[in-house]
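**Student:** Data: data_4.cif, mmCIF, C-alpha atoms.
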```cif
data_start
loop_
_atom_site.group_PDB
_atom_site.id
_atom_site.type_symbol
_atom_site.label_atom_id
_atom_site.label_comp_id
_atom_site.auth_asym_id
_atom_site.auth_seq_id
_atom_site.Cartn_x
_atom_site.Cartn_y
_atom_site.Cartn_z
ATOM 1 C CA MET A 369 -6.017 276.990 62.219
ATOM 2 C CA LYS A 370 -4.346 275.521 59.143
ATOM 3 C CA ILE A 371 -7.374 275.390 56.844
ATOM 4 C CA VAL A 372 -6.013 275.034 53.308
ATOM 5 C CA GLY A 373 -9.180 275.783 51.352
ATOM 6 C CA LEU A 374 -12.139 274.090 49.742
ATOM 7 C CA GLU A 375 -11.852 270.347 49.203
ATOM 8 C CA THR A 376 -15.289 269.309 47.918
ATOM 9 C CA ILE A 377 -18.761 270.770 47.489
ATOM 10 C CA ILE A 378 -21.628 268.277 47.757
ATOM 11 C CA PHE A 379 -24.902 268.770 45.893
ATOM 12 C CA GLY A 380 -28.168 266.864 46.139
ATOM 13 C CA VAL A 381 -29.930 267.026 42.765
ATOM 14 C CA GLU A 382 -32.985 265.512 41.104
ATOM 15 C CA ASP A 383 -31.498 265.124 37.626
ATOM 16 C CA VAL A 384 -28.122 263.497 38.251
ATOM 17 C CA ALA A 385 -27.494 262.746 34.573
ATOM 18 C CA SER A 386 -27.911 266.349 33.385
ATOM 19 C CA CYS A 387 -25.782 267.729 36.216
ATOM 20 C CA ALA A 388 -23.102 265.127 35.508
ATOM 21 C CA THR A 389 -22.985 266.103 31.833
ATOM 22 C CA PHE A 390 -22.774 269.765 32.803
ATOM 23 C CA LEU A 391 -19.791 269.219 35.115
ATOM 24 C CA LYS A 392 -17.977 267.072 32.545
ATOM 25 C CA ASP A 393 -18.538 269.715 29.872
ATOM 26 C CA TYR A 394 -17.180 272.332 32.292
ATOM 27 C CA GLY A 395 -13.949 270.316 32.321
ATOM 28 C CA LEU A 396 -14.114 268.234 35.503
ATOM 29 C CA PHE A 397 -13.055 264.591 35.358
ATOM 30 C CA PRO A 398 -15.664 261.982 36.407
ATOM 31 C CA VAL A 399 -14.593 259.500 39.102
ATOM 32 C CA ASN A 400 -16.735 256.522 40.129
ATOM 33 C CA VAL A 401 -19.817 258.081 38.592
ATOM 34 C CA THR A 402 -23.066 256.091 38.473
ATOM 35 C CA GLU A 403 -26.669 256.998 37.752
ATOM 36 C CA THR A 404 -27.024 258.027 41.416
ATOM 37 C CA GLY A 405 -24.007 260.350 41.563
ATOM 38 C CA GLY A 406 -20.241 260.485 41.880
ATOM 39 C CA ARG A 407 -17.179 262.750 42.008
ATOM 40 C CA PHE A 408 -16.087 265.286 39.405
ATOM 41 C CA GLU A 409 -12.476 266.269 39.987
ATOM 42 C CA ALA A 410 -10.085 269.031 39.058
ATOM 43 C CA LEU A 411 -6.442 268.240 38.320
ATOM 44 C CA ASP A 412 -5.485 268.364 42.002
ATOM 45 C CA GLY A 413 -8.351 266.114 43.123
ATOM 46 C CA THR A 414 -10.580 268.801 44.625
ATOM 47 C CA ALA A 415 -14.087 268.108 43.442
ATOM 48 C CA VAL A 416 -17.810 268.548 43.158
ATOM 49 C CA VAL A 417 -19.748 265.554 44.467
ATOM 50 C CA LEU A 418 -23.222 264.776 43.136
ATOM 51 C CA ALA A 419 -25.840 262.695 44.915
ATOM 52 C CA HIS A 420 -29.531 262.250 44.290
ATOM 53 C CA ALA A 421 -31.690 264.667 46.280
ATOM 54 C CA SER A 422 -33.298 261.728 48.087
ATOM 55 C CA ASP A 423 -29.971 260.292 49.261
ATOM 56 C CA GLU A 424 -30.146 260.123 53.058
ATOM 57 C CA SER A 425 -26.373 259.799 53.405
ATOM 58 C CA ILE A 426 -25.903 263.512 52.650
ATOM 59 C CA PRO A 427 -27.121 266.380 54.854
ATOM 60 C CA ALA A 428 -30.632 267.713 54.386
ATOM 61 C CA SER A 429 -31.294 270.770 52.236
ATOM 62 C CA ILE A 430 -31.432 274.162 53.918
ATOM 63 C CA GLY A 431 -34.461 274.923 51.735
ATOM 64 C CA ASN A 432 -35.032 277.850 49.372
ATOM 65 C CA GLY A 433 -34.329 275.506 46.460
ATOM 66 C CA CYS A 434 -30.642 275.378 47.371
ATOM 67 C CA MET A 435 -29.074 272.146 46.061
ATOM 68 C CA MET A 436 -25.759 272.558 47.866
ATOM 69 C CA ARG A 437 -25.796 270.222 50.874
ATOM 70 C CA LYS A 438 -22.307 270.531 52.326
ATOM 71 C CA THR A 439 -19.028 272.406 51.893
ATOM 72 C CA VAL A 440 -15.919 270.431 52.873
ATOM 73 C CA MET A 441 -12.693 272.252 53.691
ATOM 74 C CA GLY A 442 -9.263 270.645 53.585
ATOM 75 C CA VAL A 443 -6.878 271.143 56.502
ATOM 76 C CA ALA A 444 -3.141 270.586 56.834
ATOM 77 C CA ASP A 445 -3.071 267.908 59.544
ATOM 78 C CA THR A 446 -4.967 265.928 62.166
ATOM 79 C CA ALA A 447 -4.000 268.470 64.817
ATOM 80 C CA THR A 448 -6.117 271.029 62.977
ATOM 81 C CA ILE A 449 -9.043 268.581 62.875
ATOM 82 C CA GLN A 450 -8.721 268.204 66.641
ATOM 83 C CA ALA A 451 -8.475 271.953 67.198
ATOM 84 C CA ILE A 452 -11.592 272.616 65.123
ATOM 85 C CA THR A 453 -13.450 269.839 66.940
ATOM 86 C CA GLU A 454 -12.586 271.332 70.320
ATOM 87 C CA GLU A 455 -13.521 274.842 69.252
ATOM 88 C CA LEU A 456 -16.874 274.059 67.642
ATOM 89 C CA SER A 457 -17.875 271.550 70.315
ATOM 90 C CA LYS A 458 -18.146 274.457 72.763
ATOM 91 C CA ASP A 459 -21.593 275.351 71.456
ATOM 92 C CA ARG A 460 -22.682 272.919 68.713
ATOM 93 C CA GLU A 461 -22.608 269.295 67.675
ATOM 94 C CA VAL A 462 -19.514 268.080 65.852
ATOM 95 C CA ARG A 463 -19.998 264.699 64.184
ATOM 96 C CA GLN A 464 -17.058 262.349 63.689
ATOM 97 C CA LEU A 465 -17.418 260.501 60.368
ATOM 98 C CA ALA A 466 -16.054 257.076 59.471
ATOM 99 C CA ASP A 467 -13.492 258.493 57.043
ATOM 100 C CA GLY A 468 -11.835 260.571 59.783
ATOM 101 C CA SER A 469 -13.452 263.849 58.773
ATOM 102 C CA ILE A 470 -15.750 265.939 60.954
ATOM 103 C CA GLU A 471 -19.030 267.665 60.194
ATOM 104 C CA SER A 472 -20.858 270.547 61.834
ATOM 105 C CA THR A 473 -22.922 273.626 60.999
ATOM 106 C CA ASP A 474 -21.891 277.260 60.698
ATOM 107 C CA ASP A 475 -23.844 280.167 62.192
ATOM 108 C CA SER A 476 -25.830 280.632 58.975
ATOM 109 C CA GLY A 477 -27.092 277.039 58.943
ATOM 110 C CA PHE A 478 -24.757 275.681 56.239
ATOM 111 C CA VAL A 479 -23.341 272.223 56.849
ATOM 112 C CA ILE A 480 -19.555 272.353 56.824
ATOM 113 C CA GLY A 481 -17.009 269.551 56.925
ATOM 114 C CA PHE A 482 -13.279 269.319 57.530
ATOM 115 C CA GLN A 483 -10.809 266.660 56.429
ATOM 116 C CA VAL A 484 -7.055 266.355 56.130
ATOM 117 C CA THR A 485 -6.498 267.507 52.561
ATOM 118 C CA THR A 486 -5.846 264.909 49.902
ATOM 119 C CA ARG A 487 -5.268 267.405 47.111
ATOM 120 C CA LYS A 488 -2.406 266.546 44.779
ATOM 121 C CA GLU A 489 0.505 268.932 44.425
ATOM 122 C CA LEU A 490 0.572 270.336 40.893
ATOM 123 C CA ASN A 491 3.740 271.136 38.970
ATOM 124 C CA LEU A 492 2.243 272.814 35.919
ATOM 125 C CA ALA A 493 3.260 276.126 34.419
ATOM 126 C CA GLY A 494 0.578 278.772 34.281
ATOM 127 C CA GLU A 495 0.067 281.247 31.496
ATOM 128 C CA ILE A 496 3.184 283.354 30.858
ATOM 129 C CA SER A 497 3.105 286.594 28.879
ATOM 130 C CA ASN A 498 5.747 288.092 26.618
ATOM 131 C CA VAL A 499 6.023 291.623 27.985
ATOM 132 C CA PRO A 500 8.615 294.181 26.805
ATOM 133 C CA GLY A 501 10.971 295.010 29.659
ATOM 134 C CA SER A 502 10.144 291.936 31.709
ATOM 135 C CA PRO A 503 12.924 289.399 32.347
ATOM 136 C CA PHE A 504 10.348 286.619 32.767
ATOM 137 C CA GLN A 505 9.064 285.648 29.337
ATOM 138 C CA ARG A 506 7.492 282.745 27.546
ATOM 139 C CA PRO A 507 10.310 280.623 26.049
ATOM 140 C CA VAL A 508 11.287 281.181 22.419
ATOM 141 C CA ASN A 509 9.224 279.058 20.016
ATOM 142 C CA HIS A 510 6.752 278.182 22.770
ATOM 143 C CA ARG A 511 3.181 278.800 21.626
ATOM 144 C CA ALA A 512 0.790 280.601 23.946
ATOM 145 C CA VAL A 513 -2.253 279.080 22.230
ATOM 146 C CA GLN A 514 -2.135 275.345 21.709
ATOM 147 C CA LEU A 515 -5.386 274.125 20.244
ATOM 148 C CA ASP A 516 -4.012 270.582 19.999
ATOM 149 C CA ALA A 517 -3.184 270.308 23.723
ATOM 150 C CA GLY A 518 -6.327 268.348 24.602
ATOM 151 C CA PRO A 519 -9.229 269.200 26.932
ATOM 152 C CA ILE A 520 -8.897 272.191 29.231
ATOM 153 C CA ARG A 521 -9.087 271.040 32.850
ATOM 154 C CA PRO A 522 -9.751 273.135 35.972
ATOM 155 C CA ARG A 523 -6.776 273.016 38.325
ATOM 156 C CA THR A 524 -8.273 273.414 41.790
ATOM 157 C CA LEU A 525 -11.448 274.366 43.624
ATOM 158 C CA SER A 526 -11.193 278.118 44.172
ATOM 159 C CA HIS A 527 -14.034 279.677 46.162
ATOM 160 C CA ILE A 528 -17.708 279.661 47.058
ATOM 161 C CA VAL A 529 -20.125 282.543 47.604
ATOM 162 C CA TYR A 530 -22.939 282.295 50.158
ATOM 163 C CA PHE A 531 -26.073 284.388 50.457
ATOM 164 C CA VAL A 532 -26.474 284.816 54.227
ATOM 165 C CA PRO A 533 -29.223 286.532 56.289
ATOM 166 C CA ASP A 534 -26.727 288.124 58.702
ATOM 167 C CA PRO A 535 -23.297 288.789 57.139
ATOM 168 C CA VAL A 536 -21.872 290.248 60.359
ATOM 169 C CA LYS A 537 -22.729 287.112 62.320
ATOM 170 C CA ALA A 538 -21.569 284.879 59.471
ATOM 171 C CA GLU A 539 -18.228 286.681 59.220
ATOM 172 C CA ALA A 540 -17.661 286.503 62.972
ATOM 173 C CA PHE A 541 -18.047 282.714 62.900
ATOM 174 C CA TYR A 542 -15.397 282.189 60.223
ATOM 175 C CA VAL A 543 -12.987 284.785 61.630
ATOM 176 C CA GLU A 544 -13.331 284.190 65.369
ATOM 177 C CA ARG A 545 -13.974 280.443 65.386
ATOM 178 C CA LEU A 546 -12.031 279.175 62.361
ATOM 179 C CA GLY A 547 -9.209 281.692 61.985
ATOM 180 C CA PHE A 548 -10.203 283.213 58.634
ATOM 181 C CA ARG A 549 -9.403 286.845 57.925
ATOM 182 C CA CYS A 550 -11.059 289.489 55.792
ATOM 183 C CA THR A 551 -8.955 290.484 52.782
ATOM 184 C CA ASP A 552 -11.417 292.972 51.250
ATOM 185 C CA ARG A 553 -15.002 294.035 51.795
ATOM 186 C CA PHE A 554 -17.992 295.232 49.804
ATOM 187 C CA GLU A 555 -19.743 297.756 52.030
ATOM 188 C CA GLY A 556 -23.369 296.857 52.511
ATOM 189 C CA ALA A 557 -22.808 293.343 51.180
ATOM 190 C CA GLY A 558 -20.106 291.391 52.987
ATOM 191 C CA PRO A 559 -16.484 290.253 53.242
ATOM 192 C CA PHE A 560 -14.041 288.244 51.184
ATOM 193 C CA LEU A 561 -12.511 285.686 53.557
ATOM 194 C CA GLN A 562 -9.192 283.844 53.473
ATOM 195 C CA PRO A 563 -8.310 280.870 55.699
ATOM 196 C CA ALA A 564 -4.880 280.689 57.321
ATOM 197 C CA GLY A 565 -3.548 277.880 55.122
ATOM 198 C CA THR A 566 -3.668 279.664 51.755
ATOM 199 C CA LEU A 567 -2.534 282.933 50.188
ATOM 200 C CA ASP A 568 -5.479 283.070 47.752
ATOM 201 C CA HIS A 569 -7.387 286.349 48.051
ATOM 202 C CA HIS A 570 -10.476 284.446 49.171
ATOM 203 C CA THR A 571 -12.064 281.032 49.422
ATOM 204 C CA HIS A 572 -15.367 282.417 50.737
ATOM 205 C CA PHE A 573 -17.378 285.528 49.957
ATOM 206 C CA LEU A 574 -20.446 286.333 52.067
ATOM 207 C CA ILE A 575 -23.307 288.425 50.672
ATOM 208 C CA GLY A 576 -26.072 289.677 52.923
ATOM 209 C CA ALA A 577 -29.499 288.759 51.551
ATOM 210 C CA PRO A 578 -33.066 288.159 52.790
ATOM 211 C CA PRO A 579 -33.619 284.761 54.474
ATOM 212 C CA PHE A 580 -35.617 283.431 51.519
ATOM 213 C CA MET A 581 -32.500 283.836 49.354
ATOM 214 C CA GLN A 582 -30.136 281.947 51.660
ATOM 215 C CA GLY A 583 -28.001 279.575 49.626
ATOM 216 C CA VAL A 584 -25.151 279.620 47.128
ATOM 217 C CA GLU A 585 -24.662 282.394 44.574
ATOM 218 C CA HIS A 586 -21.774 280.693 42.781
ATOM 219 C CA PHE A 587 -18.675 278.569 43.107
ATOM 220 C CA THR A 588 -15.649 278.239 40.860
ATOM 221 C CA PHE A 589 -12.415 276.452 40.016
ATOM 222 C CA HIS A 590 -9.088 278.048 39.102
ATOM 223 C CA PHE A 591 -7.883 277.562 35.513
ATOM 224 C CA GLY A 592 -4.344 277.923 34.164
ATOM 225 C CA GLY A 593 -4.739 281.496 32.944
ATOM 226 C CA PRO A 594 -7.058 283.916 31.145
ATOM 227 C CA THR A 595 -6.578 282.159 27.809
ATOM 228 C CA GLU A 596 -7.928 278.920 29.294
ATOM 229 C CA VAL A 597 -10.911 280.806 30.734
ATOM 230 C CA MET A 598 -11.648 282.377 27.340
ATOM 231 C CA GLN A 599 -11.185 279.153 25.384
ATOM 232 C CA ASN A 600 -13.091 276.937 27.796
ATOM 233 C CA GLY A 601 -15.858 279.510 28.217
ATOM 234 C CA SER A 602 -16.281 279.837 24.465
ATOM 235 C CA GLN A 603 -16.434 276.059 24.072
ATOM 236 C CA PHE A 604 -18.945 275.881 26.930
ATOM 237 C CA ILE A 605 -21.260 278.303 25.135
ATOM 238 C CA GLU A 606 -20.861 276.375 21.894
ATOM 239 C CA LYS A 607 -22.049 273.281 23.776
ATOM 240 C CA GLY A 608 -25.296 275.125 24.509
ATOM 241 C CA TYR A 609 -24.729 276.576 27.982
ATOM 242 C CA GLN A 610 -25.749 280.125 28.844
ATOM 243 C CA ALA A 611 -23.309 282.791 29.977
ATOM 244 C CA PHE A 612 -24.470 284.945 32.892
ATOM 245 C CA TRP A 613 -21.701 287.517 33.472
ATOM 246 C CA GLY A 614 -18.411 288.082 31.715
ATOM 247 C CA PRO A 615 -15.835 287.527 30.555
ATOM 248 C CA GLY A 616 -14.069 290.193 32.549
ATOM 249 C CA ARG A 617 -11.695 290.834 35.425
ATOM 250 C CA HIS A 618 -12.552 291.592 39.026
ATOM 251 C CA ILE A 619 -10.990 294.387 41.051
ATOM 252 C CA MET A 620 -11.043 292.653 44.434
ATOM 253 C CA GLY A 621 -8.887 289.580 43.924
ATOM 254 C CA SER A 622 -8.000 290.635 40.351
ATOM 255 C CA ASN A 623 -9.167 287.251 39.052
ATOM 256 C CA TRP A 624 -10.375 286.855 35.496
ATOM 257 C CA PHE A 625 -13.959 285.589 35.488
ATOM 258 C CA TRP A 626 -16.725 284.176 33.363
ATOM 259 C CA TYR A 627 -19.980 283.104 35.017
ATOM 260 C CA PHE A 628 -22.548 280.666 33.654
ATOM 261 C CA ASN A 629 -26.004 279.464 34.582
ATOM 262 C CA SER A 630 -26.024 275.912 35.913
ATOM 263 C CA PRO A 631 -28.513 273.133 36.744
ATOM 264 C CA LEU A 632 -27.218 273.238 40.353
ATOM 265 C CA ALA A 633 -29.491 276.153 41.373
ATOM 266 C CA CYS A 634 -26.519 278.531 41.435
ATOM 267 C CA HIS A 635 -24.036 280.044 39.042
ATOM 268 C CA ILE A 636 -20.692 278.475 38.226
ATOM 269 C CA GLU A 637 -17.635 280.525 37.364
ATOM 270 C CA MET A 638 -14.386 279.907 35.530
ATOM 271 C CA ASP A 639 -11.578 281.978 37.018
ATOM 272 C CA ALA A 640 -7.818 282.512 36.778
ATOM 273 C CA ASP A 641 -4.929 284.582 38.146
ATOM 274 C CA MET A 642 -6.216 285.520 41.594
ATOM 275 C CA ASP A 643 -4.169 287.836 43.823
ATOM 276 C CA LEU A 644 -2.175 286.323 46.692
ATOM 277 C CA HIS A 645 -2.066 288.068 50.083
ATOM 278 C CA ASP A 646 -0.265 287.505 53.375
ATOM 279 C CA GLN A 647 -0.517 289.165 56.785
ATOM 280 C CA ASN A 648 1.069 292.359 55.421
ATOM 281 C CA TRP A 649 -2.001 293.051 53.279
ATOM 282 C CA SER A 650 -4.440 295.739 54.484
ATOM 283 C CA PRO A 651 -8.075 295.021 53.562
ATOM 284 C CA ARG A 652 -9.902 297.516 51.380
ATOM 285 C CA ALA A 653 -13.575 298.481 51.571
ATOM 286 C CA PHE A 654 -15.542 299.554 48.506
ATOM 287 C CA PRO A 655 -19.236 300.333 48.078
ATOM 288 C CA MET A 656 -21.024 297.471 46.344
ATOM 289 C CA GLY A 657 -21.618 298.347 42.707
ATOM 290 C CA ALA A 658 -20.705 297.604 39.120
ATOM 291 C CA ASP A 659 -17.820 300.097 39.050
ATOM 292 C CA ASN A 660 -16.123 298.321 41.948
ATOM 293 C CA SER A 661 -16.966 294.782 40.916
ATOM 294 C CA GLN A 662 -15.022 294.611 37.680
ATOM 295 C CA ALA A 663 -12.101 296.431 36.126
ATOM 296 C CA PHE A 664 -13.633 295.733 32.737
ATOM 297 C CA LEU A 665 -16.335 293.573 31.212
ATOM 298 C CA MET A 666 -16.479 292.039 27.761
ATOM 299 C CA ARG A 667 -19.330 290.261 26.053
ATOM 300 C CA TYR A 668 -19.239 287.059 24.106
ATOM 301 C CA ARG A 669 -19.926 287.064 20.377
ATOM 302 C CA SER A 670 -19.759 284.474 17.638
ATOM 303 C CA LYS A 671 -16.396 283.893 15.978
ATOM 304 C CA TRP A 672 -15.500 286.262 13.161
ATOM 305 C CA SER A 673 -12.528 286.811 10.897
ATOM 306 C CA PRO A 674 -11.519 289.707 8.626
ATOM 307 C CA GLY A 675 -12.008 289.238 4.933
ATOM 308 C CA LYS A 676 -13.929 290.534 1.957
ATOM 309 C CA ASP A 677 -17.112 290.629 4.054
ATOM 310 C CA THR A 678 -16.267 292.822 7.054
ATOM 311 C CA SER A 679 -19.802 292.906 8.447
ATOM 312 C CA HIS A 680 -20.161 291.835 12.073
ATOM 313 C CA ASN A 681 -21.487 288.332 11.653
ATOM 314 C CA GLY A 682 -23.135 287.205 14.858
ATOM 315 C CA ASP A 683 -24.819 289.503 17.341
ATOM 316 C CA TYR A 684 -23.737 289.995 20.895
ATOM 317 C CA GLU A 685 -25.417 287.564 23.216
#
```
In structure tokens, how does this file's structure come out?

**Tutor:**
Amino acid sequence: MKIVGLETIIFGVEDVASCATFLKDYGLFPVNVTETGGRFEALDGTAVVLAHASDESIPASIGNGCMMRKTVMGVADTATIQAITEELSKDREVRQLADGSIESTDDSGFVIGFQVTTRKELNLAGEISNVPGSPFQRPVNHRAVQLDAGPIRPRTLSHIVYFVPDPVKAEAFYVERLGFRCTDRFEGAGPFLQPAGTLDHHTHFLIGAPPFMQGVEHFTFHFGGPTEVMQNGSQFIEKGYQAFWGPGRHIMGSNWFWYFNSPLACHIEMDADMDLHDQNWSPRAFPMGADNSQAFLMRYRSKWSPGKDTSHNGDYE
């Protein structure tokens, strides 16, 4: 099935204003936002959608304090919508919505939607490094750091991570019913999953957890490169938000990461430079643990510059 990836994630929240400010400060662009909610888009139009928790037009909460109400995936064409409808209708309700999308529930109880993707095609250069011996270099007189380039914007919705009570059952649903495949696996935790319509290492990661924890661990958007992650993350902290993990670089997927606490009852990540895999890739399996979760980890500190006073102004946070 030609599932391209995540299109939107819908949250039902009590404090719409605070969540809206948070998403704008993260770098998303507000679209048709009111005091009751609205869209917050990346450069390609993929988005987070906010609604008030009492809004009856969005699916009900799964409980456990989880504010995520629905995950919508984009597909390549209407034929894929029809194929998914036929497959899921074998054993569960599939609702046809007025906008042409469909809505159902996965085997873990999460509401999932599918629509023909409306994401915009981007033609933007990513970060390019000057590396001795490499024929592909940043052009002469082109600056890698451009502080006057304007706000840093996320490019596209990258992936979401679910806590699920039964990761084996959850994986089987996405692989056997929706055509995802496992690209890598944390033993004792769960799989990284890639739909057929993308080469990204994963759009979903499933982590086995007790039922009372069922919900979202984090979600993230892709940025233009590690420099954007570092700059935007630093600015995010300076705006008063709290870092949770990072900055660093993962081993599985190789993406740069920086995680932050959010008012959405989950973490939010900034990421960049994820591995791409096709059918020739053989999945790896590593024991879950810190040594296998990151190639390296740095910690944020206040800005400093060398000078007469070489003391380390600003403690690690």

**Student:** Show me the residues around (-1.9, 268.3, 39.8) - criterion: an atom at most 8 Å away, only C-alpha atoms counted - as a PDB file with C-alpha atoms, in the frame of the given file.

**Tutor:**
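The file below, part01.pdb, is the result:
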```
ATOM      1  CA  LEU A 411      -6.442 268.240  38.320  1.00  0.00           C
ATOM      2  CA  ASP A 412      -5.485 268.364  42.002  1.00  0.00           C
ATOM      3  CA  GLY A 413      -8.351 266.114  43.123  1.00  0.00           C
ATOM      4  CA  LYS A 488      -2.406 266.546  44.779  1.00  0.00           C
ATOM      5  CA  GLU A 489       0.505 268.932  44.425  1.00  0.00           C
ATOM      6  CA  LEU A 490       0.572 270.336  40.893  1.00  0.00           C
ATOM      7  CA  ASN A 491       3.740 271.136  38.970  1.00  0.00           C
ATOM      8  CA  LEU A 492       2.243 272.814  35.919  1.00  0.00           C
ATOM      9  CA  ARG A 523      -6.776 273.016  38.325  1.00  0.00           C
TER      10      ARG A 523
END
```

**Student:** Just say which residues the PyMOL selection byres ((chain A and resi 462-472) around 6) picks in this file, as a list in words.

**Tutor:** Ser457, Glu461, Thr473, Val479, Ile480, Gly481, Phe482 and Gln483 of chain A

**Student:** Could you list as a compact mmCIF listing (two decimals) with C-alpha atoms, in the coordinates of the input every residue that has an atom within 8 Å of (-25.9, 258.9, 42.0), using the file's coordinates and counting all atoms listed in the file?

**Tutor:**
```txt
# COMPACT_ATOMS: atom_id res chain seq x y z
CA VAL A 384 -28.12 263.50 38.25
CA VAL A 401 -19.82 258.08 38.59
CA THR A 402 -23.07 256.09 38.47
CA GLU A 403 -26.67 257.00 37.75
CA THR A 404 -27.02 258.03 41.42
CA GLY A 405 -24.01 260.35 41.56
CA GLY A 406 -20.24 260.48 41.88
CA LEU A 418 -23.22 264.78 43.14
CA ALA A 419 -25.84 262.70 44.92
CA HIS A 420 -29.53 262.25 44.29
```

**Student:** For a quick check of understanding, using all atoms listed in the file, which of A:Leu574, A:Ala564, A:Met656, A:Ile520 has the smallest distance to Gly601 in chain A?

**Tutor:**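 That would be A:Ile520, the residue with the smallest distance to Gly601 in chain A.
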
**Student:** Residues of range 570-617 of chain A within 12 Å of range 502-513 of chain A: nearest atom pair and distance (Å, one decimal) for each, counting all atoms listed in the file, sorted by chain and number, as CSV?

**Tutor:**
```
residue,atom,partner,partner_atom,distance
A:Gly592,CA,A:Ala512,CA,11.7
A:Gly593,CA,A:Ala512,CA,10.6
A:Pro594,CA,A:Ala512,CA,11.2
A:Thr595,CA,A:Val513,CA,7.7
A:Glu596,CA,A:Val513,CA,9.1
A:Met598,CA,A:Val513,CA,11.2
A:Gln599,CA,A:Val513,CA,9.5
```

**Student:** Env of His635 in chain A: 12 Å cut, atoms = all atoms listed in the file, seq-sep filter 4 positions within chain, self excluded. Answer as a list in words.

**Tutor:** Cys434, Met435, Met436, Ile528, Val529, Tyr530, Gly583, Val584, Glu585, His586, Phe587, Thr588, Tyr609, Gln610, Ala611, Phe612, Trp613, Trp626, Tyr627, Phe628, Asn629, Ser630 and Pro631 of chain A

**Student:** Only C-alpha atoms, please: the residues just picked out, written as a short mmCIF file (atom, residue, chain, number, x, y, z; two decimals), in the coordinates of the input.

**Tutor:**
```cif
data_model
loop_
_atom_site.label_atom_id
_atom_site.label_comp_id
_atom_site.auth_asym_id
_atom_site.auth_seq_id
_atom_site.Cartn_x
_atom_site.Cartn_y
_atom_site.Cartn_z
CA CYS A 434 -30.64 275.38 47.37
CA MET A 435 -29.07 272.15 46.06
CA MET A 436 -25.76 272.56 47.87
CA ILE A 528 -17.71 279.66 47.06
CA VAL A 529 -20.12 282.54 47.60
CA TYR A 530 -22.94 282.30 50.16
CA GLY A 583 -28.00 279.58 49.63
CA VAL A 584 -25.15 279.62 47.13
CA GLU A 585 -24.66 282.39 44.57
CA HIS A 586 -21.77 280.69 42.78
CA PHE A 587 -18.68 278.57 43.11
CA THR A 588 -15.65 278.24 40.86
CA TYR A 609 -24.73 276.58 27.98
CA GLN A 610 -25.75 280.12 28.84
CA ALA A 611 -23.31 282.79 29.98
CA PHE A 612 -24.47 284.94 32.89
CA TRP A 613 -21.70 287.52 33.47
CA TRP A 626 -16.73 284.18 33.36
CA TYR A 627 -19.98 283.10 35.02
CA PHE A 628 -22.55 280.67 33.65
CA ASN A 629 -26.00 279.46 34.58
CA SER A 630 -26.02 275.91 35.91
CA PRO A 631 -28.51 273.13 36.74
#
```

**Student:** Which value, in Å to one decimal, gives the distance between CA of Leu561 in chain A and CA of Ile430 in chain A?

**Tutor:** 22.2 Å

**Student:** Could you check how far CA of Ser602 in chain A sits from CA of Ala658 in chain A, in Å to one decimal?

**Tutor:**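 According to the coordinates, CA of Ser602 in chain A and CA of Ala658 in chain A are separated by 23.5 Å.
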
**Student:** Which residues match the PyMOL selection byres ((chain A and resi 440) around 7) in the file above, as a list of chain:residue names?

**Tutor:**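 For this structure, the PyMOL selection byres ((chain A and resi 440) around 7) captures A:Leu374, A:Glu375, A:Thr376, A:Ile377, A:Lys438, A:Thr439, A:Met441, A:Gly442, A:Ile480, A:Gly481, A:Phe482.
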
**Student:** Kindly give the distance, in Å, that separates CA of Glu606 in chain A and CA of Ala415 in chain A, rounded to a single decimal.

**Tutor:**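 Atom-to-atom, CA of Glu606 in chain A to CA of Ala415 in chain A, that is 24.1 Å.
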
**Student:** Could you expand the PyMOL selection byres ((chain A and resi 398) around 9) into the explicit residues it covers here, written as a compact mmCIF listing (two decimals) with C-alpha atoms, in the frame of the given file?

**Tutor:**
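Now in selection.txt:
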```txt
# COMPACT_ATOMS: atom_id res chain seq x y z
CA ALA A 388 -23.10 265.13 35.51
CA LEU A 391 -19.79 269.22 35.12
CA LYS A 392 -17.98 267.07 32.54
CA LEU A 396 -14.11 268.23 35.50
CA PHE A 397 -13.06 264.59 35.36
CA VAL A 399 -14.59 259.50 39.10
CA ASN A 400 -16.74 256.52 40.13
CA VAL A 401 -19.82 258.08 38.59
CA GLY A 406 -20.24 260.48 41.88
CA ARG A 407 -17.18 262.75 42.01
CA PHE A 408 -16.09 265.29 39.40
CA GLU A 409 -12.48 266.27 39.99
```

**Student:** Taking into account all atoms listed in the file, which residue in the set A:Gln582, A:Ser673, A:Ser622, A:Ser661 is nearest to Gly431 in chain A?

**Tutor:** A:Gln582

**Student:** So that I can see what lies close to Asp534 in chain A, please list as a list in words the residues with an atom at most 9 Å from it, counting only C-alpha atoms and leaving out residues fewer than 2 positions away in the same chain.

**Tutor:**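 In the requested format, the answer is Ser476, Val532, Val536, Lys537, Ala538, Glu539, Ile575, Gly576, Ala577, Pro578 and Pro579 of chain A.
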
**Student:** With all atoms listed in the file as the counted atoms, please give the residues lying no more than 12 Å from Asn648 in chain A, apart from itself and same-chain residues fewer than 4 positions off, as a count of residues only.

**Tutor:** 3

**Student:** For Gln562 in chain A, which residue out of A:Lys671, A:Arg521, A:His645, A:Arg545 is the nearest one, using only C-alpha atoms?

**Tutor:**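 Of all the options, A:His645 lies closest to Gln562 in chain A.
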